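Step one of this worksheet: look at the structure below.
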Amino acid sequence: MTVVEPQEDEPVGAAARFGTAGQEAQARPEGCQGWRSLLVGAAAYLALSVGVWWNIWSTHPTSTTTCGCGDSSLFTWFLEWPAFAISHGLNPLYSTYLFHPTGVNLLSNTAEVGLGVVLAPVTWLFGPIATLNVALTLSPYLSALAVYVLLRRWVSWSPAAFVGGLLYGFSPFVLMSLSDAHLMLGMAPVPPLIVLCLDEMFVRQRWRPLVVGIAVGVLVTVQLLIGTEVLVIIVMSAAVGVGLVVVAAVASRRTFRSRASYIVRSAAAAAVASVVMLAYPVWFALAGPAHLSGPIWGAGVSLNLGGANLRTYVTPTAPYPQTTTLAHLVGGYQGLTLSQQYLGWGLVMVLVVGLVAWRRDLRLWLFGALGVVAALLSEGLMVHQWTPWRLVTWLPQIGSIIPGRFAVMVYLCAAIMLGIVVDHVYAVVRDSGGSSDASTPLRPPGAQVRKLTAAFVALVVAGIALVPIASYLSSQIPLTAVPVVLPTWFRTVAPNLRGHQVLLAFPPPFAYRQSSMTWQAVNRMSYAMAGGAGPGAIASRQGKEEAGEEYLADLDFLGAGRPVTPPDVAVVRTALDGWEVTKIVLPNPAGLATYESVTPLRSIVAVMTAATGELPVYQADAWVWSGVDRAGPPVTLTKGELAACTRGSPEGSVVSIQVTAGCILASGPGT
C-alpha cells in the first residue's frame, strides 16, 4: 500500500513507506478530538440503523419483526437456544429440542451461537423476538463502525471514514441479508477488523506481535461463532490480499527484510492463538454430535452452483414477482426483496477515477484488485460459462459456500477505496492555493474557505457514489416488519405442557414453512420438536424417516386434493415412531397468515388418524393427537376406503374434518 517510493537512505518506518507526507499524523486524531469524531460517527450509524428498522422500534419490538416465518423463524430459534441452554445447564452448541431425537449441531449449521450467548440477557428479559430485533439493529451499526475505525488509520478527514463505513454497513448486501434475518451474513464487523490486524502486521507494526496474534485469534473465533461461511470467505480473501502485498514487498527487498521478523512473529502468534481458540469449536462443527457431512445443501443444489451476475453490480435489478409472491406465501421477507450485489455506476466511476488520479496510492490498487477477484469469485459456476470459482470449488468445505456471498468482500473493498478517495479529494481541494504541508496551520479567512470548499467537493463526490445505492434501497427503507402471531393452541396450551413432549407441529418446519420454530422459541422451549429447518432438513439426511418427511412436506406444501394411500400411512407412522413424537398439533388456519396456514386439512387429519389409530381432539382451535408414542398399530385401510373418507373440500369445516377422522376409524378392520 505504498504511496511514496522511499529513497535508498530513507528510514524503513511505516510513515516513510505507507503514507503521504504528514498524513500519518492526521490519520490518527489525538485525544478528545479523535474520540469525539468516533462517538459522533457511532451515534449517526446507530440512528440510521434504528431508522432502517423503524417499523420494529416504533411498534412492539418484543412481538414484531421481519417475520415470524421462513428463515427469520430459524434464526429466532438459534438465538433462543443458547439462552435456554445456559439457564438450564445444557450445551449451547447442541440441542435435541429440534430434529428430535438426533438433534441439531448449531456450529454445523448457520446458527450464530456467539450472538445468542452475548445477547442471552436480552432473551431472558424480553424474549427471542426482542433479541432478534436487537441483533438486526446492531448488525449494520457495528459493521459500519468497524470500517470507520479501520479507515481512521488511513484518512485525515473523519467524514471520509464515515462515508466508507456508511457504504459497507448499510450496503444492499448487509440490509437484504438482514431482511431474512441472515445474521451470519449481515453481522459483518469482523472482516474490516481482520484487515486492520493485517495492516498492523504487515505495515504499521506498532503493536506487540503477541497482541496482533491474539487479536487475530479472537476475531476468527468470533467470526466462527457468527458464521463459518463468511470466515472461509475472509480466509480466502486474506490469502489473496497477503499474496498481493508480499509480491509488492518483494520488489523492495530492503523493505521486506526490515519487516519480515515482525511479520513472522505476529503471524506465528496468530496461528497459535487461532489453533488454541478454534480447536474445540472446529472439531465440534466437523465431528461433534449431529454434525453435517458432505455438501451442506446437498450435491448439485443450485445454491452451491449459482452466484452473482456481474451486471447486477452496476445495474439495478427489480424484484422478481415470482420470488416475492413465494416468500409471502410460504414464509420469508414480507416486503420486496432487492439485489444484494448492487454498487451502481456512480460508485464504480468514483473508484475508477480515484484510482487513476491517485495511482501512486497502492492501497487503492490493493483493494481494487481484491474487490475484482471477489466479484469474479461471486459468479459461482455459471451455466455454459467458465468462472474462477471452478478453480477452488473442489477444495474441502469450499464447495458448500454460496459464491454470491463473496459480495461482502466486494463491498468492503469498495468502502475502503471510497473512504480513501474522498479523503484525497478533501486534501487536494483544501491544500489548493496554499501550502501542501499538512503540518502547517491553516489561517483564516482563506484557509477556512478552502476547508469548507474541500468538504463540499468531497461530499459531492461521496454523493455521486452513494446516492444511486440509496435511491435503489429507498423503496424498502424502513424495512417491512409484521407482528408475530402464535396460533391459539401454541399461545395458550403449549406454554403449560408438562413432562417430556415431542411435537409434530403443522406446518412442519421441514415443509418450506418454518413458523413453528418461532412458536417453540417464543414458548421458551416448553417442548421438543420433530424435524427442523436449514441444511439439516435435507431429506437424504433423515435415515428411515426420509420417506415420511418427504411425504409430509409434499402434502403440506402441494397436497391439496392429493389422494391418501396406504403406503403414505405406513411411511408417516415410521417417521412418527422414529421422531418419538408424543403429540401432533394441526392449527386451524382460520385467521392465520398464509405463510403459517395448512391447506389440505382433510388429508392431513386422515393420514394422522390412520397412522395413530386415534381420533383427534379439537382443542384451542387446533386438532390434537395425544399419546402418539403409546398409540397402537395404524389403521389398515384400502385406497378406496381412504378416498371415500377424504371426499370434500381440502379445508372444510371443523365438523366435517371431525367426520373424516371418524370415518377413518370406523372403516378400519374390526369396527
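Residues in the C-alpha cells are named by chain (A, B, ... in the order shown) and by number from 1 within that chain; ligands are numbered from 1 in the order shown.
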
* Neighbours of Asn588 of chain A within 12 Å (only C-alpha atoms; same-chain residues fewer than 2 positions away dropped), as a PyMOL selection string? -> chain A and resi 486-490+505-507+585-586+590-594+596-602+604-605+618-624+651-654+657

Those residues you just picked out, can you put them in a file as a tab-separated table (two decimals), in the first residue's frame with N, CA and C atoms?
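result.tsv was written with the following content:
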```tsv
chain	number	residue	atom	x	y	z
A	486	LEU	N	-48.97	-16.13	17.30
A	486	LEU	CA	-49.00	-17.56	17.56
A	486	LEU	C	-50.42	-18.08	17.45
A	487	PRO	N	-50.61	-19.25	16.85
A	487	PRO	CA	-51.95	-19.87	16.87
A	487	PRO	C	-52.42	-20.05	18.31
A	488	THR	N	-53.71	-20.09	18.50
A	488	THR	CA	-54.29	-20.12	19.85
A	488	THR	C	-53.72	-21.25	20.69
A	489	TRP	N	-53.61	-22.46	20.14
A	489	TRP	CA	-53.11	-23.59	20.92
A	489	TRP	C	-51.68	-23.34	21.40
A	490	PHE	N	-50.84	-22.79	20.53
A	490	PHE	CA	-49.44	-22.56	20.90
A	490	PHE	C	-49.30	-21.35	21.83
A	505	ALA	N	-45.57	-30.38	14.69
A	505	ALA	CA	-46.44	-29.23	14.52
A	505	ALA	C	-46.63	-28.95	13.04
A	506	PHE	N	-47.85	-28.57	12.68
A	506	PHE	CA	-48.14	-28.18	11.30
A	506	PHE	C	-48.32	-26.67	11.21
A	507	PRO	N	-47.72	-26.05	10.18
A	507	PRO	CA	-46.91	-26.69	9.15
A	507	PRO	C	-45.57	-27.15	9.71
A	585	VAL	N	-49.99	-31.61	16.44
A	585	VAL	CA	-50.85	-30.42	16.58
A	585	VAL	C	-51.03	-29.79	15.20
A	586	LEU	N	-52.28	-29.68	14.78
A	586	LEU	CA	-52.64	-29.10	13.49
A	586	LEU	C	-53.54	-27.90	13.74
A	590	ALA	N	-57.84	-20.78	10.01
A	590	ALA	CA	-58.69	-19.59	10.03
A	590	ALA	C	-58.05	-18.50	10.88
A	591	GLY	N	-57.86	-17.34	10.28
A	591	GLY	CA	-57.29	-16.21	10.99
A	591	GLY	C	-55.78	-16.15	10.99
A	592	LEU	N	-55.10	-17.18	10.47
A	592	LEU	CA	-53.64	-17.19	10.43
A	592	LEU	C	-53.15	-16.63	9.10
A	593	ALA	N	-51.92	-16.15	9.09
A	593	ALA	CA	-51.32	-15.66	7.85
A	593	ALA	C	-51.13	-16.83	6.88
A	594	THR	N	-51.07	-16.52	5.60
A	594	THR	CA	-50.96	-17.58	4.60
A	594	THR	C	-49.69	-18.40	4.79
A	596	GLU	N	-48.35	-19.45	7.41
A	596	GLU	CA	-48.41	-20.41	8.52
A	596	GLU	C	-49.73	-21.18	8.52
A	597	SER	N	-50.39	-21.17	7.37
A	597	SER	CA	-51.66	-21.87	7.23
A	597	SER	C	-51.44	-23.19	6.50
A	598	VAL	N	-52.19	-24.19	6.90
A	598	VAL	CA	-52.14	-25.51	6.26
A	598	VAL	C	-53.41	-25.69	5.45
A	599	THR	N	-53.26	-25.99	4.17
A	599	THR	CA	-54.43	-26.08	3.29
A	599	THR	C	-55.10	-27.45	3.29
A	600	PRO	N	-54.38	-28.55	3.05
A	600	PRO	CA	-55.06	-29.86	2.94
A	600	PRO	C	-55.41	-30.45	4.30
A	601	LEU	N	-56.25	-29.77	5.06
A	601	LEU	CA	-56.60	-30.22	6.40
A	601	LEU	C	-57.17	-31.64	6.39
A	602	ARG	N	-58.07	-31.90	5.45
A	602	ARG	CA	-58.77	-33.19	5.45
A	602	ARG	C	-57.79	-34.35	5.24
A	604	ILE	N	-54.51	-34.34	5.85
A	604	ILE	CA	-53.61	-34.46	6.99
A	604	ILE	C	-54.31	-35.17	8.15
A	605	VAL	N	-55.55	-34.78	8.42
A	605	VAL	CA	-56.30	-35.42	9.50
A	605	VAL	C	-56.49	-36.90	9.21
A	618	TYR	N	-60.37	-31.59	19.20
A	618	TYR	CA	-60.29	-30.20	18.76
A	618	TYR	C	-60.17	-29.32	19.99
A	619	GLN	N	-58.99	-28.76	20.19
A	619	GLN	CA	-58.67	-28.02	21.41
A	619	GLN	C	-57.99	-26.70	21.06
A	620	ALA	N	-58.51	-25.60	21.57
A	620	ALA	CA	-57.90	-24.28	21.36
A	620	ALA	C	-57.60	-24.03	19.88
A	621	ASP	N	-58.61	-24.27	19.04
A	621	ASP	CA	-58.52	-24.02	17.60
A	621	ASP	C	-57.46	-24.88	16.93
A	622	ALA	N	-57.29	-26.09	17.39
A	622	ALA	CA	-56.32	-26.99	16.75
A	622	ALA	C	-56.78	-28.43	16.93
A	623	TRP	N	-56.47	-29.27	15.96
A	623	TRP	CA	-56.68	-30.71	16.09
A	623	TRP	C	-55.44	-31.30	16.74
A	624	VAL	N	-55.63	-32.04	17.81
A	624	VAL	CA	-54.51	-32.54	18.61
A	624	VAL	C	-54.65	-34.04	18.80
A	651	GLU	N	-60.10	-28.13	2.82
A	651	GLU	CA	-60.12	-27.46	4.12
A	651	GLU	C	-61.34	-27.91	4.92
A	652	GLY	N	-62.52	-27.50	4.52
A	652	GLY	CA	-63.73	-27.95	5.20
A	652	GLY	C	-63.93	-27.28	6.54
A	653	SER	N	-65.09	-27.56	7.14
A	653	SER	CA	-65.42	-27.01	8.45
A	653	SER	C	-64.86	-27.91	9.54
A	654	VAL	N	-64.88	-27.42	10.77
A	654	VAL	CA	-64.41	-28.22	11.90
A	654	VAL	C	-65.22	-29.51	12.00
A	657	ILE	N	-64.31	-32.00	9.18
A	657	ILE	CA	-62.98	-32.59	9.39
A	657	ILE	C	-63.07	-33.68	10.46
```

* **Those of segment 509-592 of chain A in DSSP alpha helix (DSSP H), formatted as an MDAnalysis selection string** => chainID A and resid 515:522 546:558 566:579

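Pairwise distance (atom CA of Arg265 of chain A, atom CA of Val190 of chain A) equals 22.3 Å.
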
* Write out as an MDAnalysis selection string which residues come within 9 Å of Leu665 of chain A when counting only C-alpha atoms, dropping same-chain ones fewer than 4 positions away. => chainID A and resid 609:610 613:615 635 660:661 669 671

I need the residues from that last selection saved to file as a PDB file, in the first residue's frame (with C-alpha atoms), if you can.
```pdb
ATOM      1  CA  THR A 609     -55.746 -40.552  12.338  1.00  0.00           C
ATOM      2  CA  ALA A 610     -54.907 -43.650  10.326  1.00  0.00           C
ATOM      3  CA  GLY A 613     -55.335 -45.068  15.332  1.00  0.00           C
ATOM      4  CA  GLU A 614     -56.585 -42.131  17.412  1.00  0.00           C
ATOM      5  CA  LEU A 615     -59.383 -39.655  16.974  1.00  0.00           C
ATOM      6  CA  VAL A 635     -55.452 -48.366  10.923  1.00  0.00           C
ATOM      7  CA  THR A 660     -63.403 -37.506   8.195  1.00  0.00           C
ATOM      8  CA  ALA A 661     -61.415 -38.605  11.249  1.00  0.00           C
ATOM      9  CA  PRO A 669     -60.793 -53.654  10.480  1.00  0.00           C
ATOM     10  CA  THR A 671     -65.142 -51.883  13.504  1.00  0.00           C
TER      11      THR A 671
END
```

* **Who sits within 12 Å of Ala43 of chain A, only C-alpha atoms, same chain under 6 positions skipped, as a list in words** => Arg36, Ser37, Ser49, Val50, Tyr141, Leu142, Ala144, Leu145 and Phe162 of chain A

* List every residue of segment 446-579 of chain A that DSSP, applied to the backbone, labels as strand (DSSP E or B), and write the result as a ChimeraX atom specification. => /A:482-483,502-505,528-529

* Which polymer residues have any atom within 12 Å of an atom of Asn105 of chain A, counting only C-alpha atoms, with same-chain residues fewer than 4 positions away left out, as a VMD selection string? -> chain A and resid 78 81 91 to 100 109 to 113 281 to 293 532 534 to 536

Output C-alpha atoms for every residue in the selection just made, as a JSON list (two decimals), in the first residue's frame.
```json
[["chain", "number", "residue", "atom", "x", "y", "z"],
["A", 78, "PHE", "CA", -31.00, -20.10, 17.01],
["A", 81, "TRP", "CA", -31.50, -21.85, 22.27],
["A", 91, "ASN", "CA", -24.81, -27.38, 25.84],
["A", 92, "PRO", "CA", -25.45, -24.20, 23.80],
["A", 93, "LEU", "CA", -23.78, -25.82, 20.78],
["A", 94, "TYR", "CA", -26.10, -28.82, 20.54],
["A", 95, "SER", "CA", -29.81, -29.44, 21.06],
["A", 96, "THR", "CA", -32.31, -32.29, 20.78],
["A", 97, "TYR", "CA", -35.19, -29.81, 21.00],
["A", 98, "LEU", "CA", -35.04, -29.65, 17.20],
["A", 99, "PHE", "CA", -34.70, -32.67, 14.91],
["A", 100, "HIS", "CA", -35.58, -34.85, 17.88],
["A", 109, "ASN", "CA", -25.42, -25.02, 10.76],
["A", 110, "THR", "CA", -25.91, -21.34, 10.07],
["A", 111, "ALA", "CA", -26.54, -20.66, 13.77],
["A", 112, "GLU", "CA", -24.85, -17.53, 15.13],
["A", 113, "VAL", "CA", -24.18, -19.06, 18.55],
["A", 281, "PRO", "CA", -15.41, -25.45, 18.05],
["A", 282, "VAL", "CA", -13.96, -26.66, 14.73],
["A", 283, "TRP", "CA", -13.91, -30.24, 15.98],
["A", 284, "PHE", "CA", -17.47, -29.84, 17.25],
["A", 285, "ALA", "CA", -18.64, -28.47, 13.89],
["A", 286, "LEU", "CA", -16.94, -31.19, 11.84],
["A", 287, "ALA", "CA", -17.19, -34.22, 14.12],
["A", 288, "GLY", "CA", -19.42, -33.34, 17.08],
["A", 289, "PRO", "CA", -22.89, -34.79, 17.71],
["A", 290, "ALA", "CA", -25.36, -34.34, 14.83],
["A", 291, "HIS", "CA", -22.68, -32.73, 12.64],
["A", 292, "LEU", "CA", -23.40, -32.42, 8.94],
["A", 293, "SER", "CA", -21.19, -34.16, 6.41],
["A", 532, "GLY", "CA", -36.41, -28.68, 11.73],
["A", 534, "GLY", "CA", -31.91, -25.41, 7.41],
["A", 535, "PRO", "CA", -29.43, -27.85, 5.87],
["A", 536, "GLY", "CA", -30.26, -30.47, 8.50]]
```

Determine, for each residue of segment 365-484 of chain A having at least one atom at most 12 Å from an atom of segment 164-185 of chain A, the closest pair of atoms and their separation in Å to one decimal, counting only C-alpha atoms; order by chain and ascending number, as CSV.
```
residue,atom,partner,partner_atom,distance
A:Ile402,CA,A:Leu185,CA,11.3
A:Gly404,CA,A:Phe173,CA,10.0
A:Arg405,CA,A:Leu185,CA,8.0
A:Phe406,CA,A:Phe173,CA,9.9
A:Ala407,CA,A:Phe173,CA,7.0
A:Val408,CA,A:Phe173,CA,6.6
A:Met409,CA,A:Tyr168,CA,9.5
A:Val410,CA,A:Tyr168,CA,9.4
A:Tyr411,CA,A:Tyr168,CA,5.7
A:Leu412,CA,A:Tyr168,CA,5.9
A:Cys413,CA,A:Tyr168,CA,8.9
A:Ala414,CA,A:Tyr168,CA,8.0
A:Ala415,CA,A:Gly164,CA,4.4
A:Ile416,CA,A:Gly164,CA,5.9
A:Met417,CA,A:Gly164,CA,7.8
A:Leu418,CA,A:Gly164,CA,5.8
A:Gly419,CA,A:Gly164,CA,4.6
A:Ile420,CA,A:Gly164,CA,8.3
A:Val421,CA,A:Gly164,CA,9.8
A:Val422,CA,A:Gly164,CA,8.9
A:Asp423,CA,A:Gly164,CA,10.3
A:Leu459,CA,A:Gly164,CA,11.9
A:Ala462,CA,A:Gly164,CA,9.1
A:Gly463,CA,A:Leu167,CA,11.0
A:Ala465,CA,A:Leu167,CA,9.0
A:Leu466,CA,A:Leu167,CA,7.1
A:Val467,CA,A:Leu167,CA,10.4
A:Pro468,CA,A:Leu167,CA,11.5
A:Ile469,CA,A:Pro172,CA,7.7
A:Ala470,CA,A:Ser171,CA,8.8
A:Ser471,CA,A:Pro172,CA,11.2
A:Tyr472,CA,A:Pro172,CA,8.8
A:Leu473,CA,A:Pro172,CA,7.2
A:Ser474,CA,A:Pro172,CA,10.8
A:Gln476,CA,A:Met176,CA,9.7
A:Ile477,CA,A:Leu175,CA,9.6
A:Pro478,CA,A:Leu175,CA,10.4
A:Leu479,CA,A:Ser179,CA,7.2
A:Thr480,CA,A:Ser179,CA,8.1
A:Ala481,CA,A:Ser179,CA,9.2
A:Val482,CA,A:Ser179,CA,11.9
```
